[in-house]
>>> print(open('data.tsv').read())   # TSV, C-alpha atoms
chain	number	residue	atom	x	y	z
A	224	MET	CA	0.00	0.00	0.00
A	225	PHE	CA	2.86	2.38	0.86
A	226	LEU	CA	4.47	1.80	-2.55
A	227	ALA	CA	1.09	2.48	-4.17
A	228	VAL	CA	0.76	5.94	-2.60
A	229	LEU	CA	4.49	6.75	-2.78
A	230	GLY	CA	5.13	9.72	-5.02
A	231	PRO	CA	3.62	13.15	-4.33
A	232	GLY	CA	5.45	13.77	-1.04
A	233	VAL	CA	8.83	12.51	-2.24
A	234	ILE	CA	8.64	14.34	-5.58
A	235	ALA	CA	7.46	17.67	-4.11
A	236	ALA	CA	10.10	17.76	-1.37
A	237	ILE	CA	13.07	16.59	-3.42
A	238	ALA	CA	12.18	18.83	-6.36
A	239	GLY	CA	12.70	21.75	-3.98
A	240	ASN	CA	16.44	21.06	-4.32
A	241	ASP	CA	16.29	22.48	-7.83
A	242	ALA	CA	18.74	24.75	-9.69
A	243	GLY	CA	18.11	27.69	-7.34
A	244	GLY	CA	18.26	25.40	-4.31
A	245	THR	CA	21.51	23.79	-5.41
A	246	ALA	CA	23.03	27.22	-6.07
A	247	THR	CA	21.91	28.49	-2.66
A	248	TYR	CA	23.24	25.47	-0.75
A	249	SER	CA	26.51	25.63	-2.72
A	250	VAL	CA	26.99	29.29	-1.77
A	251	VAL	CA	26.13	28.45	1.87
A	252	GLY	CA	28.91	25.83	2.02
A	253	ALA	CA	31.47	27.88	0.10
A	254	SER	CA	30.84	31.08	2.08
A	255	TYR	CA	30.21	29.82	5.62
A	256	GLY	CA	31.55	26.28	5.70
A	257	TYR	CA	29.61	23.99	8.04
A	258	ASN	CA	28.29	26.86	10.21
A	259	MET	CA	24.70	26.83	8.83
A	260	LEU	CA	24.04	23.08	8.89
A	261	TRP	CA	21.97	23.45	12.08
A	262	MET	CA	19.40	25.50	10.15
A	263	LEU	CA	18.58	22.48	7.97
A	264	LEU	CA	17.19	20.65	11.03
A	265	LEU	CA	14.74	23.48	11.78
A	266	VAL	CA	13.80	24.00	8.13
A	267	GLY	CA	13.33	20.23	7.79
A	268	ILE	CA	10.81	20.15	10.66
A	269	SER	CA	8.87	23.01	9.04
A	270	LEU	CA	8.96	21.22	5.70
A	271	VAL	CA	7.50	18.01	7.16
A	272	VAL	CA	4.70	19.82	9.02
A	273	ILE	CA	3.69	22.12	6.13
A	274	GLN	CA	3.78	19.38	3.48
A	275	GLU	CA	1.77	17.06	5.74
A	276	MET	CA	-0.93	19.74	6.12
A	277	CYS	CA	-1.34	19.96	2.35
A	278	ALA	CA	-1.39	16.22	1.79
A	279	ARG	CA	-3.96	15.79	4.59
A	280	MET	CA	-6.22	18.51	3.16
A	281	GLY	CA	-6.05	16.86	-0.26
A	282	ALA	CA	-6.95	13.43	1.14
A	283	VAL	CA	-9.80	14.71	3.34
A	284	THR	CA	-11.44	17.20	0.94
A	285	GLY	CA	-10.54	15.71	-2.43
A	286	LYS	CA	-9.72	19.25	-3.64
A	287	GLY	CA	-6.57	21.16	-4.52
A	288	LEU	CA	-5.27	24.09	-2.49
A	289	SER	CA	-6.29	26.83	-4.91
A	290	ASP	CA	-9.74	25.23	-5.22
A	291	LEU	CA	-10.19	25.47	-1.43
A	292	ILE	CA	-8.87	29.04	-1.33
A	293	ARG	CA	-11.44	30.10	-3.94
A	294	GLU	CA	-14.32	28.38	-2.16
A	295	GLU	CA	-13.45	29.67	1.31
A	296	PHE	CA	-11.95	33.13	0.65
A	297	GLY	CA	-13.46	34.26	-2.65
A	298	VAL	CA	-12.27	35.06	-6.14
A	299	ARG	CA	-10.34	38.26	-5.31
A	300	TRP	CA	-7.97	36.59	-2.86
A	301	THR	CA	-7.61	33.67	-5.25
A	302	LEU	CA	-6.73	35.97	-8.15
A	303	PHE	CA	-4.18	37.77	-5.97
A	304	ALA	CA	-2.51	34.49	-4.98
A	305	MET	CA	-2.54	33.11	-8.53
A	306	LEU	CA	-0.98	36.23	-10.07
A	307	ILE	CA	1.91	36.30	-7.62
A	308	LEU	CA	2.35	32.51	-7.88
A	309	LEU	CA	2.49	32.77	-11.66
A	310	VAL	CA	5.13	35.54	-11.62
A	311	ALA	CA	7.24	33.64	-9.08
A	312	ASN	CA	6.95	30.33	-10.93
A	313	VAL	CA	7.90	31.85	-14.29
A	314	ALA	CA	11.08	33.27	-12.74
A	315	VAL	CA	11.94	29.95	-11.06
A	316	THR	CA	11.22	28.01	-14.28
A	317	ILE	CA	13.73	30.24	-16.08
A	318	SER	CA	16.32	29.42	-13.41
A	319	GLU	CA	15.60	25.67	-13.89
A	320	PHE	CA	16.41	25.86	-17.60
A	321	ALA	CA	19.48	27.90	-16.70
A	322	GLY	CA	20.51	24.98	-14.48
A	323	ILE	CA	19.95	22.51	-17.34
A	324	ALA	CA	22.09	24.66	-19.65
A	325	ALA	CA	24.84	25.14	-17.06
A	326	SER	CA	25.07	21.45	-16.10
A	327	LEU	CA	25.43	20.24	-19.69
A	328	GLU	CA	27.85	23.04	-20.61
A	329	ILE	CA	30.23	21.39	-18.12
A	330	PHE	CA	30.23	18.42	-20.53
A	331	GLY	CA	30.73	20.68	-23.55
A	332	ILE	CA	27.11	20.72	-24.78
A	333	THR	CA	25.88	24.16	-25.82
A	334	ARG	CA	22.67	25.52	-24.32
A	335	TYR	CA	21.32	26.15	-27.83
A	336	LEU	CA	21.12	22.36	-28.22
A	337	SER	CA	20.46	21.17	-24.66
A	338	VAL	CA	17.61	23.52	-23.75
A	339	PRO	CA	15.40	22.88	-26.85
A	340	VAL	CA	15.96	19.10	-26.66
A	341	VAL	CA	15.19	18.83	-22.93
A	342	LEU	CA	12.18	21.15	-23.33
A	343	ALA	CA	10.78	18.96	-26.11
A	344	VAL	CA	11.29	15.76	-24.07
A	345	ILE	CA	9.57	17.28	-21.02
A	346	TRP	CA	6.63	18.52	-23.10
A	347	PHE	CA	6.16	15.14	-24.84
A	348	LEU	CA	6.31	13.25	-21.53
A	349	MET	CA	3.79	15.52	-19.81
A	350	THR	CA	1.28	15.79	-22.66
A	351	ARG	CA	1.37	12.20	-23.85
A	352	GLY	CA	1.69	10.26	-20.59
A	353	SER	CA	-0.64	9.22	-17.79
A	354	TYR	CA	-0.26	10.47	-14.23
A	355	ARG	CA	1.12	7.10	-13.10
A	356	GLY	CA	3.68	7.00	-15.92
A	357	VAL	CA	4.83	10.58	-15.34
A	358	GLU	CA	5.11	9.96	-11.60
A	359	ARG	CA	7.34	6.94	-12.19
A	360	VAL	CA	9.67	9.04	-14.35
A	361	PHE	CA	9.79	11.72	-11.64
A	362	ILE	CA	10.61	9.14	-8.93
A	363	ALA	CA	13.34	7.64	-11.13
A	364	MET	CA	14.85	11.12	-11.55
A	365	CYS	CA	14.87	11.56	-7.78
A	366	PHE	CA	17.38	8.68	-7.51
A	367	VAL	CA	19.91	10.71	-9.54
A	368	TYR	CA	20.07	13.12	-6.57
A	369	VAL	CA	22.18	10.42	-4.86
A	370	ALA	CA	25.01	11.89	-6.97
A	371	TYR	CA	25.15	14.81	-4.54
A	372	ILE	CA	25.65	12.40	-1.62
A	373	PHE	CA	28.54	10.62	-3.35
A	374	SER	CA	30.03	14.00	-4.26
A	375	GLY	CA	29.88	15.02	-0.59
A	376	PHE	CA	31.71	11.87	0.57
A	377	MET	CA	34.37	12.29	-2.14
A	378	ALA	CA	35.10	15.80	-0.83
A	379	HIS	CA	36.42	14.19	2.42
A	380	PRO	CA	34.78	16.55	4.94
A	381	ASP	CA	35.79	16.88	8.59
A	382	TRP	CA	33.01	14.74	10.06
A	383	GLY	CA	33.68	15.99	13.59
A	384	GLN	CA	32.97	19.56	12.47
A	385	VAL	CA	29.96	18.38	10.46
A	386	ILE	CA	28.38	16.75	13.53
A	387	LYS	CA	29.21	19.71	15.76
A	388	HIS	CA	27.67	22.35	13.49
A	389	THR	CA	24.63	20.18	12.77
A	390	PHE	CA	23.57	20.44	16.40
A	391	VAL	CA	25.32	23.58	17.71
A	392	PRO	CA	23.84	26.83	16.30
A	393	THR	CA	26.16	29.50	14.93
A	394	PHE	CA	24.84	32.91	13.94
A	395	GLU	CA	26.52	36.00	12.50
A	396	PHE	CA	24.89	39.40	12.78
A	397	ASN	CA	25.67	40.69	9.30
A	398	MET	CA	23.48	41.22	6.26
A	399	ASN	CA	25.18	38.61	4.06
A	400	PHE	CA	24.59	35.87	6.64
A	401	ILE	CA	20.96	36.93	7.12
A	402	MET	CA	20.38	37.00	3.36
A	403	ILE	CA	21.82	33.51	3.00
A	404	ALA	CA	19.53	32.34	5.83
A	405	ILE	CA	16.52	33.84	4.06
A	406	ALA	CA	17.52	32.11	0.83
A	407	MET	CA	17.85	28.75	2.62
A	408	VAL	CA	14.32	28.97	4.02
A	409	GLY	CA	12.87	30.32	0.77
A	410	THR	CA	14.38	27.63	-1.41
A	411	THR	CA	13.51	24.69	0.90
A	412	VAL	CA	9.83	25.47	1.63
A	413	THR	CA	8.16	27.16	-1.34
A	414	PRO	CA	4.58	28.02	-2.39
A	415	TRP	CA	4.62	25.96	-5.57
A	416	MET	CA	5.51	22.80	-3.64
A	417	GLN	CA	2.27	23.05	-1.64
A	418	PHE	CA	0.05	23.57	-4.71
A	419	TYR	CA	1.76	20.70	-6.55
A	420	LEU	CA	1.62	18.29	-3.61
A	421	GLN	CA	-2.06	18.77	-2.81
A	422	SER	CA	-3.07	18.60	-6.49
A	423	SER	CA	-1.04	15.41	-6.93
A	424	VAL	CA	-2.68	13.77	-3.92
A	425	VAL	CA	-6.10	14.63	-5.37
A	426	GLU	CA	-5.29	13.48	-8.91
A	427	LYS	CA	-3.84	10.24	-7.61
A	428	GLY	CA	-7.14	9.59	-5.85
A	429	ILE	CA	-5.72	9.14	-2.35
A	430	LYS	CA	-8.47	9.00	0.29
A	431	ILE	CA	-8.28	9.46	4.04
A	432	LYS	CA	-8.23	5.68	4.65
A	433	GLN	CA	-4.91	5.52	2.78
A	434	TYR	CA	-3.58	8.66	4.39
A	435	LYS	CA	-1.34	7.00	6.99
A	436	TYR	CA	0.78	5.73	4.08
A	437	GLN	CA	0.69	9.10	2.32
A	438	LYS	CA	1.91	10.72	5.53
A	439	TRP	CA	5.03	8.55	5.44
A	440	ASP	CA	5.52	9.52	1.80
A	441	VAL	CA	5.66	13.17	2.94
A	442	ILE	CA	7.96	12.47	5.90
A	443	ILE	CA	10.41	10.35	3.89
A	444	GLY	CA	10.44	12.88	1.04
A	445	SER	CA	11.22	15.74	3.43
A	446	ILE	CA	14.00	13.81	5.16
A	447	LEU	CA	15.58	12.88	1.81
A	448	ALA	CA	15.39	16.50	0.64
A	449	VAL	CA	17.21	17.70	3.77
A	450	ILE	CA	19.87	14.95	3.45
A	451	ILE	CA	20.56	15.99	-0.16
A	452	ALA	CA	20.84	19.66	0.83
A	453	PHE	CA	23.13	18.58	3.71
A	454	PHE	CA	25.59	16.89	1.34
A	455	ILE	CA	25.57	19.75	-1.16
A	456	ILE	CA	26.60	22.09	1.67
A	457	ILE	CA	29.32	19.83	3.08
A	458	ALA	CA	30.82	19.14	-0.38
A	459	CYS	CA	31.33	22.87	-0.92
A	460	ALA	CA	32.26	23.51	2.72
A	461	ALA	CA	34.98	20.86	2.67
A	462	VAL	CA	36.58	21.87	-0.61
A	463	LEU	CA	35.80	25.51	-1.42
A	464	ASN	CA	35.50	27.28	1.95
A	465	PRO	CA	39.02	26.49	3.29
A	466	ARG	CA	40.53	27.81	0.04
A	467	GLY	CA	38.44	30.99	0.00
A	468	ILE	CA	36.92	30.12	-3.38
A	469	VAL	CA	33.97	32.42	-4.07
A	470	ILE	CA	31.12	31.07	-6.23
A	471	HIS	CA	27.85	32.49	-7.49
A	472	SER	CA	26.19	29.43	-9.05
A	473	ALA	CA	25.99	25.65	-8.91
A	474	LYS	CA	27.98	25.41	-12.17
A	475	GLU	CA	30.84	27.34	-10.60
A	476	ALA	CA	30.69	24.97	-7.62
A	477	ALA	CA	31.01	21.89	-9.85
A	478	LEU	CA	33.91	23.39	-11.79
A	479	ALA	CA	35.66	24.49	-8.60
A	480	LEU	CA	35.35	20.99	-7.12
A	481	GLN	CA	37.13	19.38	-10.08
A	482	PRO	CA	40.80	20.33	-9.50
A	483	VAL	CA	40.59	19.70	-5.74
A	484	ALA	CA	38.13	16.87	-5.12
A	485	GLY	CA	38.71	15.14	-8.44
A	486	GLY	CA	36.89	14.95	-11.76
A	487	TYR	CA	34.39	12.34	-10.54
A	488	ALA	CA	33.14	14.62	-7.76
A	489	ALA	CA	32.59	17.40	-10.30
A	490	VAL	CA	30.84	15.03	-12.73
A	491	LEU	CA	28.55	13.71	-10.00
A	492	PHE	CA	27.73	17.26	-8.88
A	493	ALA	CA	26.96	18.23	-12.50
A	494	LEU	CA	24.71	15.17	-12.93
A	495	GLY	CA	22.86	16.10	-9.76
A	496	LEU	CA	22.39	19.65	-11.05
A	497	PHE	CA	21.02	18.34	-14.37
A	498	ALA	CA	18.54	15.98	-12.67
A	499	SER	CA	17.37	18.58	-10.16
A	500	SER	CA	16.97	21.27	-12.84
A	501	THR	CA	15.09	18.94	-15.20
A	502	LEU	CA	12.75	17.77	-12.44
A	503	GLY	CA	12.15	21.38	-11.42
A	504	ALA	CA	11.54	22.49	-15.02
A	505	SER	CA	8.92	19.73	-15.33
A	506	ILE	CA	7.12	20.43	-12.06
A	507	LEU	CA	7.15	24.25	-11.77
A	508	PRO	CA	4.93	24.82	-14.86
A	509	LEU	CA	2.80	21.86	-13.74
A	510	SER	CA	2.27	23.46	-10.34
A	511	SER	CA	1.16	26.71	-11.99
A	512	ALA	CA	-1.18	24.96	-14.42
A	513	TYR	CA	-2.76	22.92	-11.61
A	514	ALA	CA	-3.24	25.93	-9.34
A	515	ILE	CA	-4.67	28.32	-11.95
A	516	CYS	CA	-7.05	25.77	-13.47
A	517	GLU	CA	-8.29	24.66	-10.06
A	518	ALA	CA	-8.76	28.27	-8.97
A	519	PHE	CA	-11.08	29.05	-11.88
A	520	GLY	CA	-12.78	25.68	-12.24
A	521	TRP	CA	-11.12	24.60	-15.51
A	522	GLU	CA	-10.42	20.97	-16.35
A	523	ASN	CA	-6.94	19.85	-15.34
A	524	GLY	CA	-4.78	16.77	-14.91
A	525	ILE	CA	-1.90	14.96	-16.60
A	526	SER	CA	-4.07	11.92	-17.24
A	527	LYS	CA	-6.49	13.93	-19.41
A	528	LYS	CA	-6.09	14.42	-23.15
A	529	ILE	CA	-5.16	17.85	-24.53
A	530	SER	CA	-8.67	18.18	-26.00
A	531	GLU	CA	-10.20	17.50	-22.56
A	532	ALA	CA	-8.07	20.09	-20.70
A	533	PRO	CA	-6.85	22.60	-23.34
A	534	ILE	CA	-6.26	25.50	-20.90
A	535	PHE	CA	-4.29	23.25	-18.51
A	536	PHE	CA	-1.95	21.98	-21.23
A	537	GLY	CA	-1.86	25.40	-22.92
A	538	LEU	CA	-0.63	27.06	-19.71
A	539	TYR	CA	1.93	24.31	-19.21
A	540	THR	CA	3.25	24.71	-22.75
A	541	VAL	CA	3.48	28.52	-22.57
A	542	LEU	CA	5.36	28.40	-19.25
A	543	LEU	CA	7.81	25.84	-20.65
A	544	LEU	CA	8.44	27.94	-23.76
A	545	VAL	CA	8.95	31.12	-21.74
A	546	GLY	CA	11.29	29.40	-19.28
A	547	GLY	CA	13.40	27.78	-21.98
A	548	GLY	CA	13.26	30.73	-24.39
A	549	VAL	CA	14.51	33.35	-21.92
A	550	VAL	CA	17.61	31.26	-21.11
A	551	LEU	CA	18.60	31.39	-24.79
A	552	LEU	CA	18.71	35.21	-24.72
A	553	PRO	CA	22.30	36.53	-24.89
A	554	ARG	CA	23.85	38.33	-21.89
A	555	LEU	CA	21.02	37.39	-19.52
A	556	ASN	CA	21.90	37.98	-15.84
A	557	LEU	CA	20.70	34.71	-14.31
A	558	ILE	CA	21.72	35.71	-10.79
A	559	ASN	CA	19.17	38.57	-10.86
A	560	VAL	CA	16.52	36.12	-12.10
A	561	MET	CA	17.17	33.80	-9.15
A	562	ILE	CA	17.12	36.66	-6.63
A	563	PHE	CA	13.85	37.94	-8.11
A	564	SER	CA	12.23	34.49	-7.94
A	565	GLN	CA	13.34	33.90	-4.35
A	566	THR	CA	12.15	37.38	-3.36
A	567	THR	CA	8.70	36.81	-4.87
A	568	ASN	CA	8.43	33.40	-3.22
A	569	GLY	CA	9.41	34.92	0.12
A	570	ILE	CA	6.71	37.58	-0.18
A	571	LEU	CA	4.03	35.11	-1.25
A	572	PHE	CA	4.59	32.17	1.05
A	573	PRO	CA	3.42	33.74	4.37
A	574	PHE	CA	0.06	34.54	2.69
A	575	ILE	CA	-0.27	30.97	1.40
A	576	LEU	CA	0.74	29.57	4.78
A	577	ILE	CA	-1.91	31.64	6.56
A	578	PHE	CA	-4.52	30.39	4.07
A	579	MET	CA	-3.37	26.83	4.77
A	580	LEU	CA	-3.57	27.27	8.54
A	581	LEU	CA	-7.10	28.66	8.32
A	582	LEU	CA	-8.18	25.79	6.05
A	583	ALA	CA	-6.47	23.05	8.08
A	584	ASN	CA	-8.20	24.29	11.27
A	585	ASN	CA	-11.65	24.53	9.68
A	586	LYS	CA	-13.74	21.78	11.33
A	587	ARG	CA	-16.44	22.07	8.67
A	588	LEU	CA	-13.87	21.09	6.04
A	589	MET	CA	-11.54	18.81	7.98
A	590	GLY	CA	-13.76	17.25	10.66
A	591	GLU	CA	-11.62	15.24	13.08
A	592	TYR	CA	-8.55	15.78	10.90
A	593	VAL	CA	-7.98	19.42	11.86
A	594	ASN	CA	-4.45	20.53	12.80
A	595	SER	CA	-2.88	19.49	16.08
A	596	LYS	CA	-1.47	22.13	18.45
A	597	PHE	CA	2.05	21.09	17.45
A	598	ASN	CA	1.30	21.56	13.75
A	599	ASN	CA	-0.21	24.99	14.43
A	600	PHE	CA	2.81	26.02	16.51
A	601	VAL	CA	5.38	24.96	13.89
A	602	ALA	CA	3.47	26.32	10.89
A	603	GLY	CA	2.49	29.52	12.75
A	604	SER	CA	6.08	30.12	13.87
A	605	THR	CA	7.30	29.53	10.31
A	606	ALA	CA	4.80	32.07	8.97
A	607	LEU	CA	5.85	34.63	11.59
A	608	VAL	CA	9.56	34.15	10.89
A	609	LEU	CA	8.96	34.38	7.14
A	610	ILE	CA	6.99	37.62	7.54
A	611	VAL	CA	9.86	39.18	9.52
A	612	LEU	CA	12.43	37.92	7.01
A	613	THR	CA	10.27	39.15	4.13
A	614	VAL	CA	10.32	42.67	5.55
A	615	LEU	CA	14.13	42.49	5.63
A	616	LEU	CA	14.11	41.03	2.13
A	617	LEU	CA	12.08	43.93	0.76
A	618	PHE	CA	14.84	46.32	1.78
A	619	THR	CA	17.58	44.17	0.26
A	620	THR	CA	15.86	42.65	-2.77
A	621	PHE	CA	18.68	43.12	-5.24
A	622	THR	CA	21.57	43.30	-2.78
A	623	PRO	CA	24.04	40.49	-3.61
A	624	TYR	CA	24.12	38.02	-0.77
A	625	HIS	CA	26.98	35.84	-1.99
>>> encode(input="data.tsv", output="structure tokens")
Amino acid sequence: MFLAVLGPGVIAAIAGNDAGGTATYSVVGASYGYNMLWMLLLVGISLVVIQEMCARMGAVTGKGLSDLIREEFGVRWTLFAMLILLVANVAVTISEFAGIAASLEIFGITRYLSVPVVLAVIWFLMTRGSYRGVERVFIAMCFVYVAYIFSGFMAHPDWGQVIKHTFVPTFEFNMNFIMIAIAMVGTTVTPWMQFYLQSSVVEKGIKIKQYKYQKWDVIIGSILAVIIAFFIIIACAAVLNPRGIVIHSAKEAALALQPVAGGYAAVLFALGLFASSTLGASILPLSSAYAICEAFGWENGISKKISEAPIFFGLYTVLLLVGGGVVLLPRLNLINVMIFSQTTNGILFPFILIFMLLLANNKRLMGEYVNSKFNNFVAGSTALVLIVLTVLLLFTTFTPYH
């Protein structure tokens, strides 16, 4: 039964370690060594609680998150959320294709070949496959993330320091450190992950009687996502930080690893970047298409034919083309794109989290499956922290944090 429901939780959590996530974790390790590993434990707890809320709402109500927001809060709030989600997801989709281009350029393949080919493969898979088939491909891609773990071991980290900084907090009161902390939270727990997860649970047909297995899918996915982020950080902390090597992207991290940790470590890191970027480029437009179509009552779902859900597949196609097309523009500043996407996500997510808390505590909707006090405390604290960090972020939106 567990294997039957396995999928939405694992895919949503691990896909969060996308191109922007890999870049952020790489910069964390290169800039601050092992000092920020303790934050992953706290962010991991928030990730488990928030993802579980969404999966539970999907299983109990049989409706996606944007569908519930429209029904409970009205069209105006729904339109507001969808517009910001769309802007944020477009920016992140662009960064995913940038990650695809960067990872394959390490192997000497030009972006003018890699981006169109990968875009076409993604589009064909998503428009011609069933939900079950697409999910299997996504799960298979998640296994490639193991490359990051091998890369971390090959970097030969100081395991004593790793254990120490995993459990002993270190904080620096300077803007660069705070900006990196904001980026870590913003790239690990994102709005699109919640919309995708709940829609996937609904489309897969998971009911409350199967939910105990779905809950483990969410927990395992969140733990795996944190482990992957952990090894990305320690690979860069072990090799780049002691040598004072400054990086601005995941591609730079892979190239910098090569002369010190060996070619295999760099190759594995590049493979991980390609898998994470491709998975992200597949799911980000899907999340947007799900959310917008649910919000306005349009037919949606991977298992449907294009003729049955033309707006759903039309939105997905347009977002793919925009994401891939922008990356092919000459002299594009991809760092600004990533900062913009993370900023928009940071502004949006507290609103979405408040919506989720109100919905998950609504007895009329959830019955006996309303939030526990622990869930409310963790999710509420996360929302409060994100609101405070968002205020700081508004003042430093385009200030380089590397």
>>> atom_distance(input="data.tsv", atom1="atom CA of A:Ala460", atom2="atom CA of A:Ser249")
8.2 Å
>>> residues_around(input="data.tsv", residues="stretch 253-262 of chain A", least_positions_apart="2", cutoff="10 Å", atoms="all atoms listed in the file", output="PyMOL selection string")
chain A and resi 247-251+264-267+380-381+384-395+399-400+403-404+407-408+452-454+456-471+476+625
>>> residues_around(input="data.tsv", residues="A:Met579", least_positions_apart="2", cutoff="10 Å", atoms="all atoms listed in the file", output="ChimeraX atom specification")
/A:273,276-277,280,288,291-292,417,573-577,581-585,602
>>> closest_residue(input="data.tsv", among="A:Ile534, A:Val550, A:Val369, A:Ala504", to="A:Glu522", atoms="only C-alpha atoms")
A:Ile534
>>> closest_residue(input="data.tsv", among="A:Met589, A:Val441, A:Leu542, A:Leu270", to="A:Gln421", atoms="only C-alpha atoms")
A:Val441
